[in-house]
Amino acid sequence: MDDQVLFAQYAARVNEWGNQVKETLALRGASTDGASSLLEFIAEHDGEWTEEAVRELQRLADDVYVGALRQYVMEAAAWGRQVEQALSTRRMAEDVGLSSLLAYIDGHGDEWTEEAIYELQRLVDDVYTRAVRLADSSAADREEEATQEQVEGESVSPELESENKENEDGWLDTSGTAERVEDAKEPAFMAELSDSPTDAADGEPDQVDNVTDGKRRWVDADDGGEPRQQVAPGRHVLPPLPYRYDALEPHISEEIMRLHHTKHHQSYVDGLNQAERMMAEARRTNNFDLLKHWEREAAFHGSGHYLHTIFWYNMHPEGGGEPRGELRAQIERDFGSFTAFRRHFTEAAKSAEGVGWALLVWAPRAHRLEILQAEKHQLMAQWDVIPLLVLDVWEHAYYLQYKNDRAAYIEHWWNVVNWRNVEERFHEAQKLRWQPF
């Protein structure tokens, strides 16, 4: 595949992302000038792309992204002041972290890095969680008071009824789960257009977070009722990289990692969220005319999001070498030797049709490891298996550095494989064993 085709594919993806950003900004009443300039630049080239033009396209995309971050900061500040006013109105004097949030925003001015945005989102989530708990506690106290008054033969006062009604229609849910919190009462811009997570969870199995942020809610797990997170439909977020963008050099360049993570993976998160919201709307309205389309979108973007989440943690700056322990023993049982496994996996990655993935998976039904290919993210895949090690062989994962030399990219990739992560995934995955057939 020549450079023109690769550049054109990249431009098409940026164009799709730019349209999403423009639409989101317009809905929120924000300026769309940057996104419009980006889309005009793409239209002017009409398929004719040079390396210089692609780099200018990346610069424009970065500018749009920075503008989106600033929009989020503005909304976070406005939301913080709304919460402050609401707490004051309800005479709730307890500190929920608002002073720290607003001071952090004021202290940064217009200078915002990705790390600063991560911290800002953490502060926002902390304020939200503490405010919900405060509202829950207040509601519980009022309920106890009302019960006591009834026991004593007194009716609930009109003031209490009014206050309860205010909470039903107000800015915070008081049911204890925070599932009815109105999205408009939380800075939701980055949920639609986020390059940062709301927490440091990497999406790995058994990851437990003690924060309920309105995007995820607690559910009982199957293993003894231990609480875990559940991502509400349409509220997925981009996981952070567990290392710096330049940490995998020289094997994978900073430019590729930044583009791959902030643009491509983000687009899968956005696409999955949109598909889930549209399917939720279909259920609400009982109109399933477009269900086939949105199911297809959910399969494509969802697989892209989940595979990339595994992919980032499958790599490490001090990776490479060979696996050890139980994983090494299983590889030798199933493939004969580590050398034979690596050769098989490499050839699977090199020969994946078009764009897609190579995957090492655990098959709970067969009780062994297998190597699979996936076209795009979701085609030619196999059900009832658990991915352990995945390699992205879409062009966006390597073409800026290796051009069309996929084999060279794969060879260098082995130097950053995080076998400790793969071993941990295998340790958990092999606990799942179905009856073999």
# chains A, B, ... in the order shown; residues from 1 in each chain; ligands from 1

call {"tool": "residues_around", "arguments": {"residues": "stretch 123-127 of chain A", "least_positions_apart": "4", "cutoff": "6 Å", "atoms": "only C-alpha atoms", "output": "PyMOL selection string"}}
result
chain A and resi 96-97+101+131+213

call {"tool": "write_last_selection", "arguments": {"atoms": "N, CA and C atoms", "output": "short mmCIF file (atom, residue, chain, number, x, y, z; two decimals), in the first residue's frame"}}
result
data_model
loop_
_atom_site.label_atom_id
_atom_site.label_comp_id
_atom_site.auth_asym_id
_atom_site.auth_seq_id
_atom_site.Cartn_x
_atom_site.Cartn_y
_atom_site.Cartn_z
N VAL A 96 -16.35 19.76 50.10
CA VAL A 96 -16.34 18.62 49.17
C VAL A 96 -15.21 18.75 48.15
N GLY A 97 -14.25 19.61 48.42
CA GLY A 97 -13.10 19.76 47.53
C GLY A 97 -13.24 20.85 46.49
N LEU A 101 -10.52 22.47 43.66
CA LEU A 101 -10.82 22.41 42.23
C LEU A 101 -10.71 23.79 41.59
N ALA A 131 -19.89 15.23 46.84
CA ALA A 131 -21.17 15.94 46.86
C ALA A 131 -22.35 14.96 46.86
N ASP A 213 -18.54 7.93 39.96
CA ASP A 213 -18.43 9.25 39.36
C ASP A 213 -19.59 9.61 38.46
#

call {"tool": "residues_around", "arguments": {"residues": "stretch 360-363 of chain A", "least_positions_apart": "5", "cutoff": "6 Å", "atoms": "only C-alpha atoms", "output": "MDAnalysis selection string"}}
result
chainID A and resid 368:371 385:389

call {"tool": "write_last_selection", "arguments": {"atoms": "N, CA, C and O atoms", "output": "mmCIF file, in the first residue's frame"}}
result
data_model
loop_
_atom_site.group_PDB
_atom_site.id
_atom_site.type_symbol
_atom_site.label_atom_id
_atom_site.label_comp_id
_atom_site.auth_asym_id
_atom_site.auth_seq_id
_atom_site.Cartn_x
_atom_site.Cartn_y
_atom_site.Cartn_z
ATOM 1 N N ARG A 368 -6.410 -24.315 26.296
ATOM 2 C CA ARG A 368 -5.077 -24.095 25.726
ATOM 3 C C ARG A 368 -5.000 -22.708 25.107
ATOM 4 O O ARG A 368 -5.994 -22.003 24.968
ATOM 5 N N LEU A 369 -3.757 -22.332 24.766
ATOM 6 C CA LEU A 369 -3.507 -21.061 24.091
ATOM 7 C C LEU A 369 -3.686 -21.215 22.590
ATOM 8 O O LEU A 369 -3.418 -22.286 22.030
ATOM 9 N N GLU A 370 -4.129 -20.142 21.938
ATOM 10 C CA GLU A 370 -4.269 -20.139 20.486
ATOM 11 C C GLU A 370 -3.798 -18.797 19.944
ATOM 12 O O GLU A 370 -3.783 -17.787 20.655
ATOM 13 N N ILE A 371 -3.413 -18.767 18.679
ATOM 14 C CA ILE A 371 -3.065 -17.531 17.993
ATOM 15 C C ILE A 371 -4.117 -17.274 16.926
ATOM 16 O O ILE A 371 -4.415 -18.152 16.113
ATOM 17 N N VAL A 385 -13.140 -16.822 23.821
ATOM 18 C CA VAL A 385 -11.712 -16.808 24.147
ATOM 19 C C VAL A 385 -11.385 -15.493 24.849
ATOM 20 O O VAL A 385 -12.149 -14.526 24.789
ATOM 21 N N ILE A 386 -10.233 -15.456 25.526
ATOM 22 C CA ILE A 386 -9.810 -14.275 26.280
ATOM 23 C C ILE A 386 -8.481 -13.783 25.725
ATOM 24 O O ILE A 386 -7.484 -14.515 25.779
ATOM 25 N N PRO A 387 -8.417 -12.569 25.189
ATOM 26 C CA PRO A 387 -7.150 -12.054 24.646
ATOM 27 C C PRO A 387 -6.111 -11.859 25.749
ATOM 28 O O PRO A 387 -6.414 -11.322 26.819
ATOM 29 N N LEU A 388 -4.881 -12.285 25.485
ATOM 30 C CA LEU A 388 -3.779 -12.119 26.426
ATOM 31 C C LEU A 388 -2.734 -11.140 25.902
ATOM 32 O O LEU A 388 -2.270 -10.266 26.627
ATOM 33 N N LEU A 389 -2.352 -11.305 24.641
ATOM 34 C CA LEU A 389 -1.344 -10.464 24.001
ATOM 35 C C LEU A 389 -1.882 -10.070 22.633
ATOM 36 O O LEU A 389 -2.276 -10.940 21.857
#

call {"tool": "residues_around", "arguments": {"residues": "stretch 311-323 of chain A", "least_positions_apart": "3", "cutoff": "7 Å", "atoms": "only C-alpha atoms", "output": "PDB file with all heavy atoms, in the first residue's frame"}}
result
ATOM      1  N   LEU A 241      -2.238   6.210  28.984  1.00  0.00           N
ATOM      2  CA  LEU A 241      -1.089   5.343  28.747  1.00  0.00           C
ATOM      3  C   LEU A 241      -0.353   5.138  30.062  1.00  0.00           C
ATOM      4  O   LEU A 241      -0.243   6.066  30.871  1.00  0.00           O
ATOM      5  CB  LEU A 241      -0.124   5.976  27.734  1.00  0.00           C
ATOM      6  CG  LEU A 241      -0.568   6.032  26.273  1.00  0.00           C
ATOM      7  CD1 LEU A 241       0.568   6.602  25.421  1.00  0.00           C
ATOM      8  CD2 LEU A 241      -0.965   4.672  25.751  1.00  0.00           C
ATOM      9  N   PRO A 242       0.184   3.948  30.300  1.00  0.00           N
ATOM     10  CA  PRO A 242       0.923   3.720  31.553  1.00  0.00           C
ATOM     11  C   PRO A 242       2.377   4.167  31.454  1.00  0.00           C
ATOM     12  O   PRO A 242       3.205   3.752  32.270  1.00  0.00           O
ATOM     13  CB  PRO A 242       0.815   2.199  31.727  1.00  0.00           C
ATOM     14  CG  PRO A 242       0.728   1.667  30.343  1.00  0.00           C
ATOM     15  CD  PRO A 242      -0.037   2.707  29.543  1.00  0.00           C
ATOM     16  N   ALA A 247       8.161   6.936  25.463  1.00  0.00           N
ATOM     17  CA  ALA A 247       8.830   5.911  26.271  1.00  0.00           C
ATOM     18  C   ALA A 247       9.217   4.672  25.478  1.00  0.00           C
ATOM     19  O   ALA A 247      10.121   3.940  25.885  1.00  0.00           O
ATOM     20  CB  ALA A 247       7.933   5.508  27.441  1.00  0.00           C
ATOM     21  N   LEU A 248       8.544   4.409  24.357  1.00  0.00           N
ATOM     22  CA  LEU A 248       8.828   3.180  23.592  1.00  0.00           C
ATOM     23  C   LEU A 248       9.819   3.402  22.464  1.00  0.00           C
ATOM     24  O   LEU A 248      10.084   2.485  21.689  1.00  0.00           O
ATOM     25  CB  LEU A 248       7.517   2.598  23.036  1.00  0.00           C
ATOM     26  CG  LEU A 248       6.440   2.267  24.078  1.00  0.00           C
ATOM     27  CD1 LEU A 248       5.238   1.621  23.403  1.00  0.00           C
ATOM     28  CD2 LEU A 248       6.980   1.379  25.179  1.00  0.00           C
ATOM     29  N   LEU A 307      -9.571  -3.694  22.519  1.00  0.00           N
ATOM     30  CA  LEU A 307      -8.279  -4.215  22.081  1.00  0.00           C
ATOM     31  C   LEU A 307      -7.168  -3.203  22.311  1.00  0.00           C
ATOM     32  O   LEU A 307      -6.060  -3.565  22.738  1.00  0.00           O
ATOM     33  CB  LEU A 307      -8.340  -4.622  20.607  1.00  0.00           C
ATOM     34  CG  LEU A 307      -9.086  -5.923  20.306  1.00  0.00           C
ATOM     35  CD1 LEU A 307      -9.223  -6.123  18.804  1.00  0.00           C
ATOM     36  CD2 LEU A 307      -8.354  -7.118  20.924  1.00  0.00           C
ATOM     37  N   HIS A 308      -7.426  -1.932  22.030  1.00  0.00           N
ATOM     38  CA  HIS A 308      -6.390  -0.922  22.265  1.00  0.00           C
ATOM     39  C   HIS A 308      -6.078  -0.803  23.758  1.00  0.00           C
ATOM     40  O   HIS A 308      -4.908  -0.589  24.131  1.00  0.00           O
ATOM     41  CB  HIS A 308      -6.821   0.437  21.708  1.00  0.00           C
ATOM     42  CG  HIS A 308      -6.565   0.583  20.241  1.00  0.00           C
ATOM     43  ND1 HIS A 308      -7.489   0.240  19.284  1.00  0.00           N
ATOM     44  CD2 HIS A 308      -5.467   1.019  19.568  1.00  0.00           C
ATOM     45  CE1 HIS A 308      -6.982   0.460  18.091  1.00  0.00           C
ATOM     46  NE2 HIS A 308      -5.760   0.935  18.222  1.00  0.00           N
ATOM     47  N   LEU A 327       2.978 -19.083  32.187  1.00  0.00           N
ATOM     48  CA  LEU A 327       2.746 -18.726  30.788  1.00  0.00           C
ATOM     49  C   LEU A 327       3.786 -19.373  29.891  1.00  0.00           C
ATOM     50  O   LEU A 327       3.450 -19.919  28.827  1.00  0.00           O
ATOM     51  CB  LEU A 327       2.769 -17.203  30.615  1.00  0.00           C
ATOM     52  CG  LEU A 327       2.607 -16.705  29.176  1.00  0.00           C
ATOM     53  CD1 LEU A 327       1.277 -17.151  28.584  1.00  0.00           C
ATOM     54  CD2 LEU A 327       2.733 -15.183  29.113  1.00  0.00           C
ATOM     55  N   ARG A 328       5.043 -19.319  30.296  1.00  0.00           N
ATOM     56  CA  ARG A 328       6.105 -19.940  29.498  1.00  0.00           C
ATOM     57  C   ARG A 328       5.844 -21.445  29.343  1.00  0.00           C
ATOM     58  O   ARG A 328       5.959 -21.999  28.232  1.00  0.00           O
ATOM     59  CB  ARG A 328       7.455 -19.702  30.176  1.00  0.00           C
ATOM     60  CG  ARG A 328       8.650 -20.375  29.489  1.00  0.00           C
ATOM     61  CD  ARG A 328       8.831 -19.874  28.070  1.00  0.00           C
ATOM     62  NE  ARG A 328       9.971 -20.454  27.390  1.00  0.00           N
ATOM     63  CZ  ARG A 328      11.104 -19.781  27.152  1.00  0.00           C
ATOM     64  NH1 ARG A 328      11.228 -18.521  27.552  1.00  0.00           N
ATOM     65  NH2 ARG A 328      12.091 -20.356  26.522  1.00  0.00           N
ATOM     66  N   LEU A 389      -2.352 -11.305  24.641  1.00  0.00           N
ATOM     67  CA  LEU A 389      -1.344 -10.464  24.001  1.00  0.00           C
ATOM     68  C   LEU A 389      -1.882 -10.070  22.633  1.00  0.00           C
ATOM     69  O   LEU A 389      -2.276 -10.940  21.857  1.00  0.00           O
ATOM     70  CB  LEU A 389      -0.028 -11.231  23.848  1.00  0.00           C
ATOM     71  CG  LEU A 389       1.103 -10.541  23.072  1.00  0.00           C
ATOM     72  CD1 LEU A 389       1.620  -9.323  23.835  1.00  0.00           C
ATOM     73  CD2 LEU A 389       2.235 -11.519  22.787  1.00  0.00           C
ATOM     74  N   VAL A 390      -1.916  -8.775  22.341  1.00  0.00           N
ATOM     75  CA  VAL A 390      -2.472  -8.330  21.059  1.00  0.00           C
ATOM     76  C   VAL A 390      -1.493  -7.383  20.379  1.00  0.00           C
ATOM     77  O   VAL A 390      -0.760  -6.645  21.042  1.00  0.00           O
ATOM     78  CB  VAL A 390      -3.839  -7.627  21.259  1.00  0.00           C
ATOM     79  CG1 VAL A 390      -4.830  -8.568  21.924  1.00  0.00           C
ATOM     80  CG2 VAL A 390      -3.708  -6.339  22.059  1.00  0.00           C
ATOM     81  N   LEU A 391      -1.479  -7.409  19.063  1.00  0.00           N
ATOM     82  CA  LEU A 391      -0.617  -6.538  18.267  1.00  0.00           C
ATOM     83  C   LEU A 391      -1.460  -5.857  17.205  1.00  0.00           C
ATOM     84  O   LEU A 391      -2.097  -6.520  16.383  1.00  0.00           O
ATOM     85  CB  LEU A 391       0.511  -7.350  17.613  1.00  0.00           C
ATOM     86  CG  LEU A 391       1.379  -6.602  16.600  1.00  0.00           C
ATOM     87  CD1 LEU A 391       1.986  -5.341  17.198  1.00  0.00           C
ATOM     88  CD2 LEU A 391       2.464  -7.521  16.048  1.00  0.00           C
ATOM     89  N   TRP A 414       8.525  -6.604  19.265  1.00  0.00           N
ATOM     90  CA  TRP A 414       8.880  -7.628  20.236  1.00  0.00           C
ATOM     91  C   TRP A 414       9.779  -7.076  21.343  1.00  0.00           C
ATOM     92  O   TRP A 414       9.838  -7.640  22.448  1.00  0.00           O
ATOM     93  CB  TRP A 414       9.574  -8.810  19.551  1.00  0.00           C
ATOM     94  CG  TRP A 414       8.650  -9.683  18.767  1.00  0.00           C
ATOM     95  CD1 TRP A 414       8.545  -9.781  17.411  1.00  0.00           C
ATOM     96  CD2 TRP A 414       7.680 -10.604  19.297  1.00  0.00           C
ATOM     97  NE1 TRP A 414       7.578 -10.690  17.053  1.00  0.00           N
ATOM     98  CE2 TRP A 414       7.026 -11.215  18.195  1.00  0.00           C
ATOM     99  CE3 TRP A 414       7.302 -10.961  20.585  1.00  0.00           C
ATOM    100  CZ2 TRP A 414       6.022 -12.160  18.362  1.00  0.00           C
ATOM    101  CZ3 TRP A 414       6.297 -11.906  20.752  1.00  0.00           C
ATOM    102  CH2 TRP A 414       5.668 -12.496  19.653  1.00  0.00           C
ATOM    103  N   ASN A 415      10.483  -5.981  21.085  1.00  0.00           N
ATOM    104  CA  ASN A 415      11.383  -5.394  22.087  1.00  0.00           C
ATOM    105  C   ASN A 415      10.656  -4.638  23.191  1.00  0.00           C
ATOM    106  O   ASN A 415      11.281  -4.234  24.180  1.00  0.00           O
ATOM    107  CB  ASN A 415      12.376  -4.437  21.409  1.00  0.00           C
ATOM    108  CG  ASN A 415      13.338  -5.160  20.494  1.00  0.00           C
ATOM    109  OD1 ASN A 415      14.048  -6.067  20.916  1.00  0.00           O
ATOM    110  ND2 ASN A 415      13.350  -4.774  19.229  1.00  0.00           N
ATOM    111  N   VAL A 416       9.361  -4.412  23.017  1.00  0.00           N
ATOM    112  CA  VAL A 416       8.612  -3.668  24.045  1.00  0.00           C
ATOM    113  C   VAL A 416       7.460  -4.482  24.623  1.00  0.00           C
ATOM    114  O   VAL A 416       6.629  -3.946  25.358  1.00  0.00           O
ATOM    115  CB  VAL A 416       8.079  -2.324  23.484  1.00  0.00           C
ATOM    116  CG1 VAL A 416       9.227  -1.411  23.110  1.00  0.00           C
ATOM    117  CG2 VAL A 416       7.144  -2.539  22.293  1.00  0.00           C
ATOM    118  N   VAL A 417       7.373  -5.754  24.309  1.00  0.00           N
ATOM    119  CA  VAL A 417       6.305  -6.590  24.858  1.00  0.00           C
ATOM    120  C   VAL A 417       6.444  -6.675  26.374  1.00  0.00           C
ATOM    121  O   VAL A 417       7.513  -6.987  26.902  1.00  0.00           O
ATOM    122  CB  VAL A 417       6.332  -8.005  24.248  1.00  0.00           C
ATOM    123  CG1 VAL A 417       5.338  -8.919  24.980  1.00  0.00           C
ATOM    124  CG2 VAL A 417       5.988  -7.955  22.777  1.00  0.00           C
ATOM    125  N   ASN A 418       5.370  -6.403  27.062  1.00  0.00           N
ATOM    126  CA  ASN A 418       5.342  -6.426  28.527  1.00  0.00           C
ATOM    127  C   ASN A 418       4.887  -7.809  28.991  1.00  0.00           C
ATOM    128  O   ASN A 418       3.708  -8.032  29.269  1.00  0.00           O
ATOM    129  CB  ASN A 418       4.404  -5.327  29.028  1.00  0.00           C
ATOM    130  CG  ASN A 418       4.400  -5.214  30.543  1.00  0.00           C
ATOM    131  OD1 ASN A 418       5.154  -5.897  31.234  1.00  0.00           O
ATOM    132  ND2 ASN A 418       3.538  -4.353  31.062  1.00  0.00           N
ATOM    133  N   TRP A 419       5.826  -8.728  29.088  1.00  0.00           N
ATOM    134  CA  TRP A 419       5.462 -10.102  29.430  1.00  0.00           C
ATOM    135  C   TRP A 419       4.873 -10.217  30.835  1.00  0.00           C
ATOM    136  O   TRP A 419       4.086 -11.112  31.116  1.00  0.00           O
ATOM    137  CB  TRP A 419       6.676 -11.023  29.284  1.00  0.00           C
ATOM    138  CG  TRP A 419       7.025 -11.287  27.856  1.00  0.00           C
ATOM    139  CD1 TRP A 419       8.136 -10.885  27.179  1.00  0.00           C
ATOM    140  CD2 TRP A 419       6.229 -12.004  26.904  1.00  0.00           C
ATOM    141  NE1 TRP A 419       8.099 -11.296  25.872  1.00  0.00           N
ATOM    142  CE2 TRP A 419       6.931 -11.994  25.677  1.00  0.00           C
ATOM    143  CE3 TRP A 419       4.994 -12.656  26.958  1.00  0.00           C
ATOM    144  CZ2 TRP A 419       6.437 -12.602  24.535  1.00  0.00           C
ATOM    145  CZ3 TRP A 419       4.506 -13.271  25.815  1.00  0.00           C
ATOM    146  CH2 TRP A 419       5.230 -13.238  24.615  1.00  0.00           C
ATOM    147  N   ASN A 421       2.732  -8.200  32.153  1.00  0.00           N
ATOM    148  CA  ASN A 421       1.303  -7.953  31.983  1.00  0.00           C
ATOM    149  C   ASN A 421       0.608  -9.165  31.368  1.00  0.00           C
ATOM    150  O   ASN A 421      -0.484  -9.554  31.788  1.00  0.00           O
ATOM    151  CB  ASN A 421       1.095  -6.717  31.110  1.00  0.00           C
ATOM    152  CG  ASN A 421      -0.356  -6.489  30.731  1.00  0.00           C
ATOM    153  OD1 ASN A 421      -0.773  -6.825  29.627  1.00  0.00           O
ATOM    154  ND2 ASN A 421      -1.136  -5.934  31.640  1.00  0.00           N
ATOM    155  N   VAL A 422       1.233  -9.772  30.370  1.00  0.00           N
ATOM    156  CA  VAL A 422       0.652 -10.945  29.713  1.00  0.00           C
ATOM    157  C   VAL A 422       0.544 -12.107  30.698  1.00  0.00           C
ATOM    158  O   VAL A 422      -0.456 -12.838  30.726  1.00  0.00           O
ATOM    159  CB  VAL A 422       1.488 -11.350  28.482  1.00  0.00           C
ATOM    160  CG1 VAL A 422       0.819 -12.519  27.747  1.00  0.00           C
ATOM    161  CG2 VAL A 422       1.674 -10.171  27.534  1.00  0.00           C
TER     162      VAL A 422
END

call {"tool": "residues_around", "arguments": {"residues": "stretch 340-350 of chain A", "least_positions_apart": "6", "cutoff": "8 Å", "atoms": "only C-alpha atoms", "output": "JSON, numbers by chain"}}
result
{"A": [331, 357, 358, 359, 360, 371, 372, 373, 391, 393, 406, 407, 410, 411]}

call {"tool": "select_by_dssp", "arguments": {"residues": "stretch 284-405 of chain A", "states": "strand (DSSP E or B)", "output": "ChimeraX atom specification"}}
result
/A:315,356-363,368-375,379,386-392

call {"tool": "atom_distance", "arguments": {"atom1": "atom CA of A:Gly29", "atom2": "atom CA of A:Gln71"}}
result
10.2 Å

call {"tool": "closest_residue", "arguments": {"among": "A:Leu272, A:Leu291, A:Val83, A:Ala397", "to": "A:Ile256", "atoms": "only C-alpha atoms"}}
result
A:Ala397

call {"tool": "closest_residue", "arguments": {"among": "A:Tyr10, A:Trp294, A:Tyr398, A:Trp413", "to": "A:Ala282", "atoms": "only C-alpha atoms"}}
result
A:Trp294

call {"tool": "select_by_dssp", "arguments": {"residues": "stretch 266-422 of chain A", "states": "alpha helix (DSSP H)", "output": "PyMOL selection string"}}
result
chain A and resi 266-285+291-313+325-335+338-351+399-402+406-413+419-422

call {"tool": "closest_residue", "arguments": {"among": "A:Arg296, A:His260, A:Arg122, A:Arg28", "to": "A:Arg13", "atoms": "only C-alpha atoms"}}
result
A:His260

call {"tool": "atom_distance", "arguments": {"atom1": "atom CA of A:Leu87", "atom2": "atom CA of A:Thr129"}}
result
13.8 Å
